[in-house]
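Asks: I am attaching a structure below and will ask some questions about it afterwards.
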Amino acid sequence: MSAAAAGAAAELVGVTKRYGGARPAVDGVDLRIEEGEFFSILGPSGCGKTTSLRMLGGFVRPDEGEIRLGGASVDGVPPHKRNVNTVFQSYALFGHLSVADNVGFGLRRRKVRGEEMRRRVDEMLRVVSLAERRGAMPSELSGGQQQRVALARALVNMPELLLLDEPLGALDLKLRRQMQVELKQIQREVGIAFAYVTHDQEEALTMSDRIAVMNDGKVLQVDTPTTIYNNPASLFVAQFIGSTNALEGSGDGATVQLACGARLVAPAPGTGVADGPLTACVRPEKVILSPAGDDAPGAVTGTVVESVYVGSGTTYKVDVNATSIEVLEANDSGAAAAIPVGSRVRVGWRPEDCLIFDGNGKAAGRCAEDGTKVPQPTRSRNWI
Amino acid sequence: MSTMRLGGRRETFDRTWWLWAITGAVLALMFIPVVVVMLYSLNSEKSLIVLGSLSTRWYDKLFHDSAMLTSLRISVEIAVLTALLSTTFGTLLAIGWQRAWPPAANAAGGSILLRLVVPETAVAASLFLLFTQLQVVLSFWTILAGHVALAIAFVAVIVRSQLVSLNAEIESAAQDLGASRVGALWLVVIPALRPTIATAGLLAFVLSFDDFVTTYFTAGVGAQPLPLQIYSMLRFGVTPEANAAGIVMLVLTATVLTLAAAVVLLVKHRRRRREATA
C-alpha cells in the first residue's frame, strides 16, 4: 500500500464526504497528485472540488476513505500539523501585519527566526516580485500584489503540497491571464506540487500538467489538458471543456443518422457501440464551411444566421435543418472575407474530429468515415 | 430650477433657512447648558444669577475639597476597571456568541440584547435586591460589578458586529500556516478586532464614569463616586462648586477620547514611517 504511494505528493483513496444533503458532496473520489506537478481540479460550482481541497488541507474530515500526504495517512491530523499550505480565494491576508510579517507568519510558527527567517522571506518575495514592498501593509497593495503575497506566504514554508482555491477569481481578465503565466513559472521554479481548484476551464488548460474533471462529487476524467480537450471521456467533459457542437442522433450499429441531416459511419461498425440514441460532438474550430452548390450526395447544407467578429476569428451560427451549429473560423493571414448572414453554406468536418458519445454520455469513439466529406477549403469563395 | 451644476460641486439648494434654524436650535439645546455651567464655574460670585468677574475660586475650592477629590479618584478607578474587565469578557462573550452551538448562542445573544433595552433602573434595583439578599456589603466592588454588567453587553454587541463582518478565511489561513485554534484567535482575530475593542473600551469607560442609576443602587456608605457626590452636594443647595465639578468631568471625558484618537493616529503614523524606512 505505501509502496504504491511512493512518489505521490498527495492521494485521496475512496474518499466520501456527506453534508447531510441527498447526495454526497464528494462521492468515492480517488485522486493521485504526483510530486512537483501542477494538478487542477476542474468542475462547475457544487461539484465537490473545494471540499476535496479542504479535506487535503485538514479543514474537513472525510466520512469514508483515506487521505495521504507524502505516502502517510493524515486521518485526524489538524491543519496546523500538516505540511500543506493553502492560498485562499479571498487571499486572507493579515491586515495588521506588513507584507514581510505576513510571509514570515508560518516560519515564526515553526520557530524559524532571525537571519534565517529574513533570508527566506526576502527570497520568496523576490520570487513573487514584491521585494520592494516588504514593509507595505496589505491594504496598500493592488489585488494582484495581494494575490502574490498570499502565494509567497504559503510557499515560503516549502510545503509538500500547495492548495489553491480559485485564487485568481477576484482579478480582472487581463491580470488573471498574466497571473496564470506567472503562477506556472513560479510553480516550475519552486518545484512544489500545486493542487489548483477552479471552475474556469481555460485556466485549467493553460496551467495544468494534469486536470481532474469533477461533477456531482465524482471524478469523471484525469488526464493532460491535450487529452482532456481532444479525447474527452464523456459528453459532460466534452461540453464543459471548451465549447462544442453536441449533435443529437441515433445509430443502427453501422451508420449514424444525425438530426441535422448528416449521415456518419459508426466508429466501430458491427460492434453495436453506436446503437440507439447518441450524440456527436464537433468543436467549432473543426467545422469547415464551404460554398453550397457543388453539393455532393449526402452533403449537409445550412444557412448562416449569425456572424460575430471576435478579433482573432469570426464565429458563425449556421442553421442546418433546425439544428444550430457553431463555427469558428480563424482570422489568419489570407483568410477569406467574412461570410454574409443569410448565405447558404456547406458544413463539414474531418471524420476524426467528430466524437461519438453513447446514450449514457460515455465516449464511443470517432467516426470512421463521414458522409459530410470535407471539401478542400478554398481561399476564394463565392457565397450565395 | 437646475439643482446641479454639471461637473461642479453640488449646489446648496436644499439648505433653506429653516433647516439652518432647526440645526441651530438643536445645537443650542445641546451646548447652551454646558456653556452656562462653564460660565458660572468661572464666576467670582456665589449667585447663579449675577455675573461677577472671571475667577477660578470654585475650581480652587473643588481641588481643595478632599471629599470631591476622593470621589473623582473612585470614579476614575471604577471606570478604568470597568473598561478593562468589560472589554476582556465582552470580547470573549462576542466570540462565543458568534460561534457557539446556535441555539445556545441565540439564547445568549438574545439576553445580551435584552440587557440593552431593559430600563437601567429595573436592573439596578434588582442588583440591589440581589446583593442585599446575598448579604453582600455594598461597596466599591458592588458598584464595579454593576458597571461591568452594564458595559459588557455594549462591548459584546459592538465586537460581535465587527467579528461577523471579519473574513473567516484569515483564521483558517493562520491555522494553515501552523497556528493552533487558540493561536489563530490570539494572533490574527484579536489583532484584527483591536480598533473595535479599543472603541468599545472607551465607551465602557464613559458609560461607567458618568453612570448615576446603577451607581446609586449599588453604592454603599462612605466615599461616593463623583456623580453621586455632585448630586448630594446639589441637594443642599446649588453651589458653583458643582459647576466646576461638572466641567472637570466634561474635560476628563473629552481628554480620554482625545487621547484615544491621538493613539490611533500615532499608530497609523508609526506604521507609515516603518514602511518608509523598510
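As shown in the C-alpha cells, the chain order sets the letters A, B, ...; within each chain, residues go from 1, and ligands are also counted from 1 in the order they appear.
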Report the closest atom pair, with its distance in Å rounded to one decimal, for each residue of chain A that has an atom no farther than 7 Å from chain B; count only C-alpha atoms, sort by chain and then rising residue number, and write it as CSV.
Replies:
```
residue,atom,partner,partner_atom,distance
A:Pro79,CA,B:Asp176,CA,5.3
A:His80,CA,B:Gly178,CA,4.0
A:Lys81,CA,B:Gly178,CA,6.5
A:Asn85,CA,B:Asp176,CA,5.8
A:Thr86,CA,B:Asp176,CA,6.6
A:Ala92,CA,B:Ile170,CA,4.6
A:Leu93,CA,B:Ile170,CA,6.5
A:Phe94,CA,B:Ile170,CA,6.6
A:Gly95,CA,B:Ala192,CA,6.9
A:His96,CA,B:Ala192,CA,6.4
A:Phe105,CA,B:Leu177,CA,7.0
A:Gly106,CA,B:Leu177,CA,4.6
A:Arg109,CA,B:Gly178,CA,5.7
A:Gly135,CA,B:Glu275,CA,4.6
A:Ala136,CA,B:Glu275,CA,5.6
```
Asks: May I have the residues from that selection written out with C-alpha atoms, as a CSV table (one decimal), in the first residue's frame?
Replies:
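Generated output (out.csv):
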```csv
chain,number,residue,atom,x,y,z
A,79,PRO,CA,-4.4,21.8,9.6
A,80,HIS,CA,-1.6,23.3,11.6
A,81,LYS,CA,0.2,20.0,11.8
A,85,ASN,CA,-0.3,25.3,2.8
A,86,THR,CA,-3.2,27.0,1.1
A,92,ALA,CA,-7.0,36.1,3.7
A,93,LEU,CA,-4.0,38.3,4.3
A,94,PHE,CA,-3.5,39.5,7.9
A,95,GLY,CA,-4.3,43.2,7.7
A,96,HIS,CA,-2.4,44.2,10.9
A,105,PHE,CA,4.0,34.1,9.8
A,106,GLY,CA,4.3,30.4,9.0
A,109,ARG,CA,5.2,29.3,14.0
A,135,GLY,CA,7.2,46.9,4.5
A,136,ALA,CA,3.8,47.7,3.0
```
Asks: I'd like the neighbourhood of Leu163 (chain A) as a list in words, where a residue qualifies if any of its atoms comes within 10 Å (using only C-alpha atoms), though same-chain residues fewer than 5 positions away should be ignored.
Replies: Phe39, Ser40, Leu53, Arg54, Leu56, Gly57, Val84, Asn85, Thr86, Val87, Phe88, Leu151, Ala154, Ala193, Phe194, Ala195, Tyr196 and Val197 of chain A
Asks: Which is closest to Val35 (chain B) among B:Ala244, B:Leu163, B:Ala261, B:Leu252, if we use only C-alpha atoms?
Replies: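 Of the candidates, the smallest distance to Val35 (chain B) is held by B:Ala244.
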Asks: Go through A:Leu162, A:Ile288, A:Ala266, A:Leu173 one by one, measure the shortest atom-to-atom distance of each to Leu69 (chain A) using only C-alpha atoms, and give the residue with the smallest value.
Replies: A:Leu162
Asks: With a distance cut-off of 10 Å and only C-alpha atoms, select the neighbouring residues of Val318 (chain A), excluding the residue or stretch itself and same-chain residues fewer than 6 positions from it, and output the selection as a short mmCIF file (atom, residue, chain, number, x, y, z; two decimals) with all heavy atoms, in the first residue's frame.
Replies:
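This went into selection-v5.cif:
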```cif
data_model
loop_
_atom_site.label_atom_id
_atom_site.label_comp_id
_atom_site.auth_asym_id
_atom_site.auth_seq_id
_atom_site.Cartn_x
_atom_site.Cartn_y
_atom_site.Cartn_z
N LEU A 289 -16.47 25.36 -43.37
CA LEU A 289 -17.55 25.86 -44.21
C LEU A 289 -17.05 26.01 -45.64
O LEU A 289 -15.91 26.40 -45.88
CB LEU A 289 -18.01 27.23 -43.70
CG LEU A 289 -18.60 27.26 -42.29
CD1 LEU A 289 -19.01 28.68 -41.92
CD2 LEU A 289 -19.78 26.32 -42.18
N THR A 301 -26.07 21.01 -45.84
CA THR A 301 -26.03 22.45 -46.09
C THR A 301 -26.92 23.18 -45.09
O THR A 301 -27.86 22.61 -44.54
CB THR A 301 -26.50 22.79 -47.51
OG1 THR A 301 -27.79 22.22 -47.69
CG2 THR A 301 -25.53 22.28 -48.54
N GLY A 302 -26.59 24.44 -44.88
CA GLY A 302 -27.36 25.25 -43.94
C GLY A 302 -27.26 26.72 -44.29
O GLY A 302 -26.64 27.10 -45.29
N THR A 303 -27.86 27.54 -43.43
CA THR A 303 -27.87 28.98 -43.66
C THR A 303 -27.17 29.67 -42.50
O THR A 303 -27.43 29.35 -41.34
CB THR A 303 -29.34 29.48 -43.73
OG1 THR A 303 -30.05 28.63 -44.61
CG2 THR A 303 -29.40 30.91 -44.20
N VAL A 304 -26.29 30.63 -42.84
CA VAL A 304 -25.63 31.41 -41.79
C VAL A 304 -26.67 32.35 -41.18
O VAL A 304 -27.29 33.14 -41.89
CB VAL A 304 -24.46 32.21 -42.37
CG1 VAL A 304 -23.86 33.13 -41.31
CG2 VAL A 304 -23.40 31.27 -42.93
N VAL A 305 -26.91 32.23 -39.88
CA VAL A 305 -27.90 33.10 -39.24
C VAL A 305 -27.26 34.14 -38.34
O VAL A 305 -27.90 35.09 -37.91
CB VAL A 305 -28.93 32.29 -38.42
CG1 VAL A 305 -29.81 31.46 -39.34
CG2 VAL A 305 -28.24 31.41 -37.40
N GLU A 306 -25.97 33.97 -38.01
CA GLU A 306 -25.33 34.95 -37.15
C GLU A 306 -23.84 34.94 -37.44
O GLU A 306 -23.27 33.89 -37.72
CB GLU A 306 -25.59 34.58 -35.69
CG GLU A 306 -25.31 35.69 -34.71
CD GLU A 306 -25.54 35.22 -33.28
OE1 GLU A 306 -26.70 34.98 -32.91
OE2 GLU A 306 -24.53 35.08 -32.56
N SER A 307 -23.25 36.13 -37.41
CA SER A 307 -21.82 36.22 -37.66
C SER A 307 -21.25 37.22 -36.66
O SER A 307 -21.70 38.36 -36.60
CB SER A 307 -21.61 36.70 -39.10
OG SER A 307 -20.35 37.29 -39.24
N SER A 324 -28.69 24.16 -34.70
CA SER A 324 -27.75 25.26 -34.76
C SER A 324 -26.34 24.72 -34.58
O SER A 324 -26.06 24.00 -33.62
CB SER A 324 -28.09 26.27 -33.67
OG SER A 324 -27.14 27.29 -33.67
N ILE A 325 -25.46 25.04 -35.52
CA ILE A 325 -24.07 24.60 -35.43
C ILE A 325 -23.18 25.83 -35.32
O ILE A 325 -23.30 26.77 -36.10
CB ILE A 325 -23.68 23.75 -36.65
CG1 ILE A 325 -24.50 22.44 -36.64
CG2 ILE A 325 -22.19 23.44 -36.66
CD1 ILE A 325 -24.18 21.50 -37.77
N GLU A 326 -22.28 25.80 -34.33
CA GLU A 326 -21.38 26.93 -34.13
C GLU A 326 -20.07 26.65 -34.85
O GLU A 326 -19.55 25.53 -34.81
CB GLU A 326 -21.12 27.11 -32.63
CG GLU A 326 -20.72 28.51 -32.28
CD GLU A 326 -20.34 28.66 -30.82
OE1 GLU A 326 -20.66 27.78 -30.01
OE2 GLU A 326 -19.69 29.67 -30.51
N VAL A 327 -19.56 27.66 -35.53
CA VAL A 327 -18.33 27.50 -36.31
C VAL A 327 -17.38 28.64 -35.94
O VAL A 327 -17.80 29.78 -35.82
CB VAL A 327 -18.63 27.57 -37.83
CG1 VAL A 327 -17.37 27.27 -38.62
CG2 VAL A 327 -19.75 26.62 -38.19
N VAL A 341 -24.39 37.04 -43.48
CA VAL A 341 -25.53 36.37 -42.88
C VAL A 341 -26.54 36.09 -43.99
O VAL A 341 -26.76 36.92 -44.87
CB VAL A 341 -26.15 37.27 -41.79
CG1 VAL A 341 -27.49 36.72 -41.32
CG2 VAL A 341 -25.19 37.39 -40.62
N GLY A 342 -27.12 34.92 -43.95
CA GLY A 342 -28.10 34.53 -44.96
C GLY A 342 -27.51 33.64 -46.04
O GLY A 342 -28.27 33.05 -46.83
N SER A 343 -26.20 33.53 -46.10
CA SER A 343 -25.57 32.70 -47.13
C SER A 343 -25.90 31.23 -46.92
O SER A 343 -26.04 30.76 -45.80
CB SER A 343 -24.06 32.85 -47.07
OG SER A 343 -23.70 34.19 -47.19
N ARG A 344 -26.01 30.52 -48.02
CA ARG A 344 -26.14 29.06 -47.97
C ARG A 344 -24.72 28.50 -47.93
O ARG A 344 -23.88 28.89 -48.73
CB ARG A 344 -26.87 28.53 -49.21
CG ARG A 344 -28.33 28.93 -49.31
CD ARG A 344 -29.22 28.20 -48.33
NE ARG A 344 -29.25 26.76 -48.57
CZ ARG A 344 -29.74 25.87 -47.70
NH1 ARG A 344 -30.21 26.29 -46.54
NH2 ARG A 344 -29.76 24.59 -47.98
N VAL A 345 -24.42 27.63 -46.97
CA VAL A 345 -23.08 27.08 -46.87
C VAL A 345 -23.14 25.57 -46.71
O VAL A 345 -24.14 25.02 -46.24
CB VAL A 345 -22.31 27.66 -45.67
CG1 VAL A 345 -21.97 29.12 -45.88
CG2 VAL A 345 -23.11 27.47 -44.38
N ARG A 346 -22.07 24.96 -47.12
CA ARG A 346 -21.95 23.54 -46.88
C ARG A 346 -21.14 23.36 -45.59
O ARG A 346 -20.13 24.02 -45.39
CB ARG A 346 -21.23 22.87 -48.05
CG ARG A 346 -21.30 21.38 -47.95
CD ARG A 346 -20.72 20.73 -49.17
NE ARG A 346 -20.38 19.36 -48.79
CZ ARG A 346 -19.61 18.60 -49.52
NH1 ARG A 346 -19.07 19.05 -50.64
NH2 ARG A 346 -19.37 17.37 -49.13
N VAL A 347 -21.61 22.48 -44.72
CA VAL A 347 -20.99 22.27 -43.43
C VAL A 347 -20.32 20.90 -43.43
O VAL A 347 -20.94 19.91 -43.81
CB VAL A 347 -22.04 22.33 -42.31
CG1 VAL A 347 -21.42 22.05 -40.95
CG2 VAL A 347 -22.74 23.68 -42.32
#
```
Asks: Considering only C-alpha atoms, can you say which of A:Ala238, A:Met207, A:Leu220, A:Cys367 comes closest to Ala274 (chain A)?
Replies: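 That would be A:Cys367, the residue with the smallest distance to Ala274 (chain A).
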Asks: Please return as number ranges by chain: the residues of region 6-159 of chain B that backbone DSSP assigns to alpha helix (DSSP H).
Replies: B: 17-41, 57-63, 66-99, 102-117, 120-133, 140-159
Asks: Any chance you can output those residues with C-alpha atoms as a CSV table (one decimal), in the first residue's frame?
Replies:
```
chain,number,residue,atom,x,y,z
B,17,TRP,CA,-33.3,79.0,6.3
B,18,TRP,CA,-35.5,76.7,8.4
B,19,LEU,CA,-33.0,73.8,8.1
B,20,TRP,CA,-30.4,76.2,9.5
B,21,ALA,CA,-32.7,77.3,12.2
B,22,ILE,CA,-33.5,73.7,13.3
B,23,THR,CA,-29.9,72.8,13.3
B,24,GLY,CA,-29.0,75.9,15.3
B,25,ALA,CA,-31.8,75.1,17.8
B,26,VAL,CA,-30.6,71.6,18.3
B,27,LEU,CA,-27.0,72.6,18.8
B,28,ALA,CA,-28.1,75.4,21.2
B,29,LEU,CA,-30.1,72.9,23.2
B,30,MET,CA,-27.1,70.6,23.4
B,31,PHE,CA,-24.5,73.2,24.2
B,32,ILE,CA,-26.1,76.1,26.0
B,33,PRO,CA,-26.3,74.3,29.3
B,34,VAL,CA,-22.7,73.4,29.0
B,35,VAL,CA,-21.7,77.0,28.2
B,36,VAL,CA,-23.8,78.3,31.1
B,37,VAL,CA,-22.3,75.8,33.5
B,38,MET,CA,-18.8,76.8,32.3
B,39,LEU,CA,-19.6,80.5,32.6
B,40,TYR,CA,-20.8,80.2,36.2
B,41,SER,CA,-18.0,77.8,37.2
B,57,ARG,CA,-12.2,80.3,43.1
B,58,TRP,CA,-14.7,77.4,42.6
B,59,TYR,CA,-12.0,75.3,41.0
B,60,ASP,CA,-9.7,76.2,43.9
B,61,LYS,CA,-12.4,75.2,46.3
B,62,LEU,CA,-13.1,72.0,44.4
B,63,PHE,CA,-9.5,70.9,44.3
B,66,SER,CA,-10.9,66.2,49.8
B,67,ALA,CA,-14.3,64.5,49.6
B,68,MET,CA,-14.7,65.7,45.9
B,69,LEU,CA,-11.2,64.6,45.0
B,70,THR,CA,-11.8,61.2,46.6
B,71,SER,CA,-15.0,60.8,44.6
B,72,LEU,CA,-13.2,61.7,41.4
B,73,ARG,CA,-10.5,59.1,42.1
B,74,ILE,CA,-13.1,56.5,42.8
B,75,SER,CA,-15.0,57.3,39.6
B,76,VAL,CA,-11.8,57.1,37.5
B,77,GLU,CA,-10.8,53.8,39.2
B,78,ILE,CA,-14.2,52.2,38.6
B,79,ALA,CA,-14.3,53.4,35.0
B,80,VAL,CA,-10.8,52.1,34.2
B,81,LEU,CA,-11.5,48.7,35.8
B,82,THR,CA,-14.9,48.6,34.1
B,83,ALA,CA,-13.3,49.3,30.7
B,84,LEU,CA,-10.6,46.6,31.2
B,85,LEU,CA,-13.0,43.9,32.6
B,86,SER,CA,-15.8,44.5,30.2
B,87,THR,CA,-13.6,44.5,27.1
B,88,THR,CA,-11.9,41.3,28.2
B,89,PHE,CA,-15.1,39.4,29.0
B,90,GLY,CA,-17.2,41.2,26.4
B,91,THR,CA,-14.9,40.2,23.6
B,92,LEU,CA,-14.9,36.6,24.8
B,93,LEU,CA,-18.7,36.8,25.0
B,94,ALA,CA,-18.8,38.1,21.4
B,95,ILE,CA,-16.6,35.3,20.2
B,96,GLY,CA,-18.8,32.7,21.9
B,97,TRP,CA,-21.9,34.4,20.7
B,98,GLN,CA,-20.7,34.2,17.1
B,99,ARG,CA,-19.6,30.5,17.1
B,102,PRO,CA,-26.6,28.1,17.5
B,103,PRO,CA,-29.5,27.5,19.9
B,104,ALA,CA,-27.2,28.4,22.9
B,105,ALA,CA,-25.7,31.3,21.1
B,106,ASN,CA,-29.0,32.7,20.1
B,107,ALA,CA,-30.3,32.4,23.6
B,108,ALA,CA,-27.2,34.1,25.0
B,109,GLY,CA,-27.3,36.8,22.2
B,110,GLY,CA,-31.0,37.5,23.0
B,111,SER,CA,-30.3,38.1,26.6
B,112,ILE,CA,-27.3,40.3,25.8
B,113,LEU,CA,-29.5,42.4,23.5
B,114,LEU,CA,-32.3,42.4,26.2
B,115,ARG,CA,-29.8,43.9,28.6
B,116,LEU,CA,-29.5,46.9,26.3
B,117,VAL,CA,-33.2,47.6,26.3
B,120,GLU,CA,-31.4,50.6,33.8
B,121,THR,CA,-33.4,51.3,36.9
B,122,ALA,CA,-35.0,47.9,36.8
B,123,VAL,CA,-31.7,46.1,36.5
B,124,ALA,CA,-30.1,48.4,39.1
B,125,ALA,CA,-32.9,47.8,41.6
B,126,SER,CA,-32.6,44.0,41.1
B,127,LEU,CA,-28.9,44.2,41.5
B,128,PHE,CA,-29.5,46.0,44.8
B,129,LEU,CA,-32.0,43.3,45.9
B,130,LEU,CA,-29.6,40.6,44.8
B,131,PHE,CA,-26.7,42.0,46.8
B,132,THR,CA,-28.8,42.6,49.9
B,133,GLN,CA,-30.4,39.1,49.7
B,140,PHE,CA,-16.7,49.8,45.6
B,141,TRP,CA,-16.8,46.3,44.3
B,142,THR,CA,-20.6,46.1,44.0
B,143,ILE,CA,-20.5,49.3,42.0
B,144,LEU,CA,-17.8,47.8,39.8
B,145,ALA,CA,-19.9,44.6,39.3
B,146,GLY,CA,-22.9,46.6,38.4
B,147,HIS,CA,-21.0,48.7,35.9
B,148,VAL,CA,-19.3,45.7,34.3
B,149,ALA,CA,-22.7,44.0,34.0
B,150,LEU,CA,-23.9,47.1,32.2
B,151,ALA,CA,-21.0,47.8,29.9
B,152,ILE,CA,-20.3,44.1,28.9
B,153,ALA,CA,-23.4,44.0,26.9
B,154,PHE,CA,-22.4,47.1,24.9
B,155,VAL,CA,-18.9,45.7,24.3
B,156,ALA,CA,-20.3,42.3,23.2
B,157,VAL,CA,-22.7,43.8,20.7
B,158,ILE,CA,-20.0,46.1,19.2
B,159,VAL,CA,-17.3,43.5,19.0
```
Asks: Produce a table with one row for each residue of region 136-209 of chain A that has an atom at most 7 Å from any atom of region 115-128 of chain A, each row naming the nearest atom pair and its distance in Å at one decimal; use only C-alpha atoms; arrange rows by chain and rising residue number; format as JSON lines.
Replies:
```
{"residue": "A:Arg148", "atom": "CA", "partner": "A:Val128", "partner_atom": "CA", "distance": 5.9}
{"residue": "A:Ala152", "atom": "CA", "partner": "A:Met124", "partner_atom": "CA", "distance": 5.8}
{"residue": "A:Val156", "atom": "CA", "partner": "A:Met124", "partner_atom": "CA", "distance": 6.0}
```
Asks: Fewer than 4 positions away in the same chain doesn't count, so skip those; otherwise give me all residues within 9 Å of Ser208 (chain A), counting only C-alpha atoms, as a PyMOL selection string.
Replies: chain A and resi 37-40+184+196+203-204+224-225
Asks: Save the residues we just selected, C-alpha atoms, as an mmCIF file, in the first residue's frame?
Replies:
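Below is the file out.cif, written as the result:
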```cif
data_model
loop_
_atom_site.group_PDB
_atom_site.id
_atom_site.type_symbol
_atom_site.label_atom_id
_atom_site.label_comp_id
_atom_site.auth_asym_id
_atom_site.auth_seq_id
_atom_site.Cartn_x
_atom_site.Cartn_y
_atom_site.Cartn_z
ATOM 1 C CA GLU A 37 3.118 18.550 -10.766
ATOM 2 C CA PHE A 38 0.572 21.265 -11.441
ATOM 3 C CA PHE A 39 -2.674 19.438 -10.832
ATOM 4 C CA SER A 40 -6.026 21.120 -11.412
ATOM 5 C CA LYS A 184 3.042 28.396 -13.736
ATOM 6 C CA TYR A 196 -5.404 24.054 -8.078
ATOM 7 C CA GLU A 203 -7.370 28.494 -16.681
ATOM 8 C CA ALA A 204 -7.026 24.754 -16.083
ATOM 9 C CA THR A 224 -3.353 16.007 -19.525
ATOM 10 C CA PRO A 225 -5.006 19.155 -20.935
#
```
Asks: Find the residues near Asp200 (chain A): any atom within 10 Å, counting only C-alpha atoms, skip ones fewer than 3 places away on the same chain, and give them as a PyMOL selection string.
Replies: chain A and resi 42-44+166+168-169+197+203-205+240-242
Asks: Quote the spacing between CA of Ala8 (chain A) and CA of Thr226 (chain A) in Å to one decimal place.
Replies: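 Interatomic distance here is 22.1 Å.
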Asks: Would you mind reading off the distance between CA of Thr198 (chain A) and CA of Met214 (chain A), one decimal, in Å?
Replies: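 Taking CA of Thr198 (chain A) as the start and CA of Met214 (chain A) as the end point, the length is 10.6 Å.
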Asks: So which one's closest to Gln224 (chain B), B:Leu138, B:Ile197, B:Val50, B:Ala262? Using only C-alpha atoms, please.
Replies: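 Looking only at the distances to Gln224 (chain B), the closest residue turns out to be B:Leu138.
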Asks: Within 12 Å of Gly76 (chain A), counting only C-alpha atoms, which residues qualify if same-chain residues fewer than 5 places away don't, as a ChimeraX atom specification?
Replies: /A:55-63,66-68,81-82
Asks: Counting only C-alpha atoms, figure out which residue out of A:Leu247, A:Asp165, A:Asp223, A:Arg18 gets nearest to Arg32 (chain A).
Replies: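 Among A:Leu247, A:Asp165, A:Asp223, A:Arg18, it is A:Asp223 that comes nearest to Arg32 (chain A).
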Asks: As a PDB file with N, CA and C atoms, in the first residue's frame, please: the residues near Asp210 (chain B) (cut-off 8 Å, only C-alpha atoms, same-chain neighbours under 4 positions excluded).
Replies:
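Written output follows (result.pdb):
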```
ATOM      1  N   VAL B 206     -16.668  55.622  29.457  1.00  0.00           N
ATOM      2  CA  VAL B 206     -17.576  56.774  29.529  1.00  0.00           C
ATOM      3  C   VAL B 206     -18.896  56.385  30.191  1.00  0.00           C
ATOM      4  N   LEU B 226     -18.138  60.250  41.821  1.00  0.00           N
ATOM      5  CA  LEU B 226     -18.399  61.654  41.510  1.00  0.00           C
ATOM      6  C   LEU B 226     -19.862  61.990  41.221  1.00  0.00           C
ATOM      7  N   PRO B 227     -20.564  61.237  40.346  1.00  0.00           N
ATOM      8  CA  PRO B 227     -21.956  61.630  40.072  1.00  0.00           C
ATOM      9  C   PRO B 227     -22.807  61.673  41.336  1.00  0.00           C
TER      10      PRO B 227
END
```
